[in-house]
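Novice: Below is one structure. I have some questions about it.
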Amino acid sequence: MTEDLAEAQKLIYAEIERLSPELRELSVDLHNHPELGMQEHHAHQVLTDYLEKNGFTVTRHAFGLETAFLAKYTNGGGLRVGFCSEYDALPGLGHACGHNLIAICGIANAMAMKALLEKGAASGTVVLFGTPSEEPLDGKLIMAKKNAFQDHADVCMMLHPCSSNITYWAASAIQDIKVVFRGKPSHAGGAPWEGVNALDAICQAWVSIGLLRQQLLGTDRIHGIITDGGKAPNIIPDRTAGYFYVRAKTTDRVQELMVKVENCFKAAALATGCEVEYKWRDAGMCKDIKQNSVMAETYTKYYESISGMTIPSRQAQEAAPVGGSTDFGNVSYLMPGFHPFYDISTPFFPHTSEFAKQALSQEGHEGSIVASKSLAMVGAHMFIEKGFYESAYKEYDEAVPKDQRS
């Protein structure tokens with residue numbers, strides 16, 4: 001480690017330790033006031049007030065989203081290092097994905113980078129993106145369409161609490177579709193032959209998708225629900241509807257599956273004589289994550305040093321993939337990105353009531369402090385180490401096709 005990085009390390013660790021009690025207060029506040037995606041008004045107010053009080057230039061209600069924000073601090077020219085804070089909760093479960101901790105991790109990293117810049121240990125800009133509505137997987141997609149990340153950062157990172165340490169979580173690419181079949185009503189007992197059964201159509205589509213799974217890869221997922229199955233058993237249904245998710249390891253594979261799903265719907269309509277309408281969601285596909293190994297290996301070095309834990313090798317992680325999706329995947333297609341999971345001392349996976357309790361615990365907070373120090377050092381390397389950003393960008397440039405960088 002160079003002398004400059006050693007000094008940066010001391011400064012970063014001390015700053016995050018100094019902030020720890022304040023970050024704990026913020027985390028508990030958010031946990032006690034859970035808000036759904038695009039409705040995070042309390043979190044937006046609390047976080048932006050804190051950042052503004054601590055010397056950041058804050059844009060509230062950023063990018064046309066009521067609960068998004070942008071916080072910046074600049075000292076001199078140079079790289080623009082970005083971090084993300086999430087703060088939406090789950091319906092019925094509250095902060096069972098630990099977004100209260102994600103929020104304070106973003107603030108910890110932004111404040112640590114600000115301390116570096118203020119002391120003259122680095123030159124450039126730190127940016128914190130307040131990204132609402134991660135659970136519906138659309139906040140960052142909408143922001144990216146408005147060039148939020150492209151116009152304000154050269155690299156972006158974030159942290160996520162979990163039941164284990166994972167630095168090469170690829171996440172699943174995902175797109176969802178809503179479908180409506182329309183037929184003709186008739187009396188089911190008196191004159192069923194006069195009807196065109198829309199329930200038959202959606203059942204046919206359901207069976208076709210089920211049979212399709214035999215030819216799918218083990219990492220492909222197609223799952224859904226029937227949202228409208230008719231109104232009464234004595235009426236041939238003239239309208240039925242469904243809602244389906246399509247997931248796969250990569251964006252390209254999801255696009256292939258989308259065609260297959262559409263064909264299942266078209267075939268069902270043709271077979272039953274119904275009309276069909278379907279629509280993929282307006283926000284677009286939520287992409288897989290292109291985890292940057294330059295950033296991942298640097299994070300691992302510091303995390304293992306601080307925590308005394310060993311993070312499994314990339315090979316071991318990729319041999320036992322973890323499911324789920326995140327809208328940060330789309331950010332990683334725009335610039336070098338990194339999104340690790342960190343351990344908060346629980347055997348329970350996110351989206352459970354047990355995980356929600358752990359996200360409020362002191363252990364959860366302490367795990368967040370360790371992870372924040374480790375990720376902040378990746379930011380320090382970006383600012384200080386010659387060639388570090390270039391190495392990260394080279395890997396990104398080779399991994400992401402140019403026609404997919406949007």
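Ligands are numbered from 1 in the order shown, residues from 1 within each chain, and chains are lettered A, B, ... in the order they appear in the structure tokens.
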Residues of region 180-370 of chain A classed as helix (DSSP H, G or I) by DSSP on the backbone are to be reported as a ChimeraX atom specification.

Specialist: /A:192-194,198-215,251-272,293-307,314-319,328-332,353-360,362-370

Novice: List the neighbours of Glu40 (chain A) out to 9 Å using only C-alpha atoms; skip same-chain residues closer than 6 positions along the sequence, and give me the result as a PyMOL selection string.

Specialist: chain A and resi 34+66-68+87-89+132-133

Novice: For region 147-153 of chain A, please output as number ranges by chain all residues within 9 Å (counting only C-alpha atoms; exclusion window: fewer than 5 positions along the same chain).

Specialist: A: 62-63, 70, 79-82, 125-127, 129, 140, 142, 331, 334-335, 406

Novice: Rounded to one decimal in Å, what is the spacing between CA of Ser208 (chain A) and CA of Thr227 (chain A)?

Specialist: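 That distance, rounded to one decimal, is 17.7 Å.
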
Novice: Extract, using only C-alpha atoms, all DNA, RNA and protein residues at most 10 Å from Val276 (chain A), discarding same-chain residues fewer than 5 positions from it, and format them as an MDAnalysis selection string.

Specialist: chainID A and resid 179:183 198 201:202 239:241 265:270

Novice: What's around Pro136 (chain A) at 10 Å? Count only C-alpha atoms, leave out sequence neighbours fewer than 4 positions away in its own chain, and write the answer as a PyMOL selection string.

Specialist: chain A and resi 36-38+88+90+132+326-327

Novice: Rounded to one decimal, what separation in Å do you get between CA of Ala271 (chain A) and CA of Lys178 (chain A)?

Specialist: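 Between CA of Ala271 (chain A) and CA of Lys178 (chain A) the gap is 19.7 Å.
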
Novice: Write out as a PyMOL selection string which residues come within 7 Å of Tyr333 (chain A) when counting only C-alpha atoms, dropping same-chain ones fewer than 4 positions away.

Specialist: chain A and resi 290+329+400+404-405

Novice: Which neighbours of His365 (chain A) fall inside 10 Å, counting only C-alpha atoms, when residues of the same chain fewer than 2 positions from it are skipped, and could you give them as a list in words?

Specialist: Ser20, Pro21, Leu23, Arg24, Ser27, Val28, Asn100, Leu101, Ile104, Cys105, Pro161, Ile344, Gln358, Ala359, Leu360, Ser361, Gln362, Glu363, Gly367, Ser368, Ile369, Val370 and Ala371 of chain A

Novice: Taking C-alpha atoms for each residue, export the selection above as a short mmCIF file (atom, residue, chain, number, x, y, z; two decimals), in the first residue's frame.

Specialist:
data_model
loop_
_atom_site.label_atom_id
_atom_site.label_comp_id
_atom_site.auth_asym_id
_atom_site.auth_seq_id
_atom_site.Cartn_x
_atom_site.Cartn_y
_atom_site.Cartn_z
CA SER A 20 -21.39 5.71 13.35
CA PRO A 21 -23.73 6.99 16.14
CA LEU A 23 -25.76 6.73 11.07
CA ARG A 24 -27.33 4.44 13.66
CA SER A 27 -31.04 3.76 10.27
CA VAL A 28 -33.39 3.29 13.22
CA ASN A 100 -32.44 1.29 6.06
CA LEU A 101 -28.87 -0.07 6.20
CA ILE A 104 -26.68 4.71 5.71
CA CYS A 105 -23.97 2.77 3.87
CA PRO A 161 -26.94 -6.51 3.75
CA ILE A 344 -25.11 -8.98 9.17
CA GLN A 358 -31.75 -8.09 12.18
CA ALA A 359 -31.69 -4.96 10.02
CA LEU A 360 -32.63 -3.04 13.17
CA SER A 361 -30.08 -4.78 15.40
CA GLN A 362 -26.74 -3.48 16.63
CA GLU A 363 -25.08 -6.42 14.87
CA GLY A 367 -21.75 -5.17 9.89
CA SER A 368 -22.72 -2.11 7.85
CA ILE A 369 -19.86 -0.08 9.31
CA VAL A 370 -17.31 -2.78 8.39
CA ALA A 371 -18.67 -3.04 4.84
#
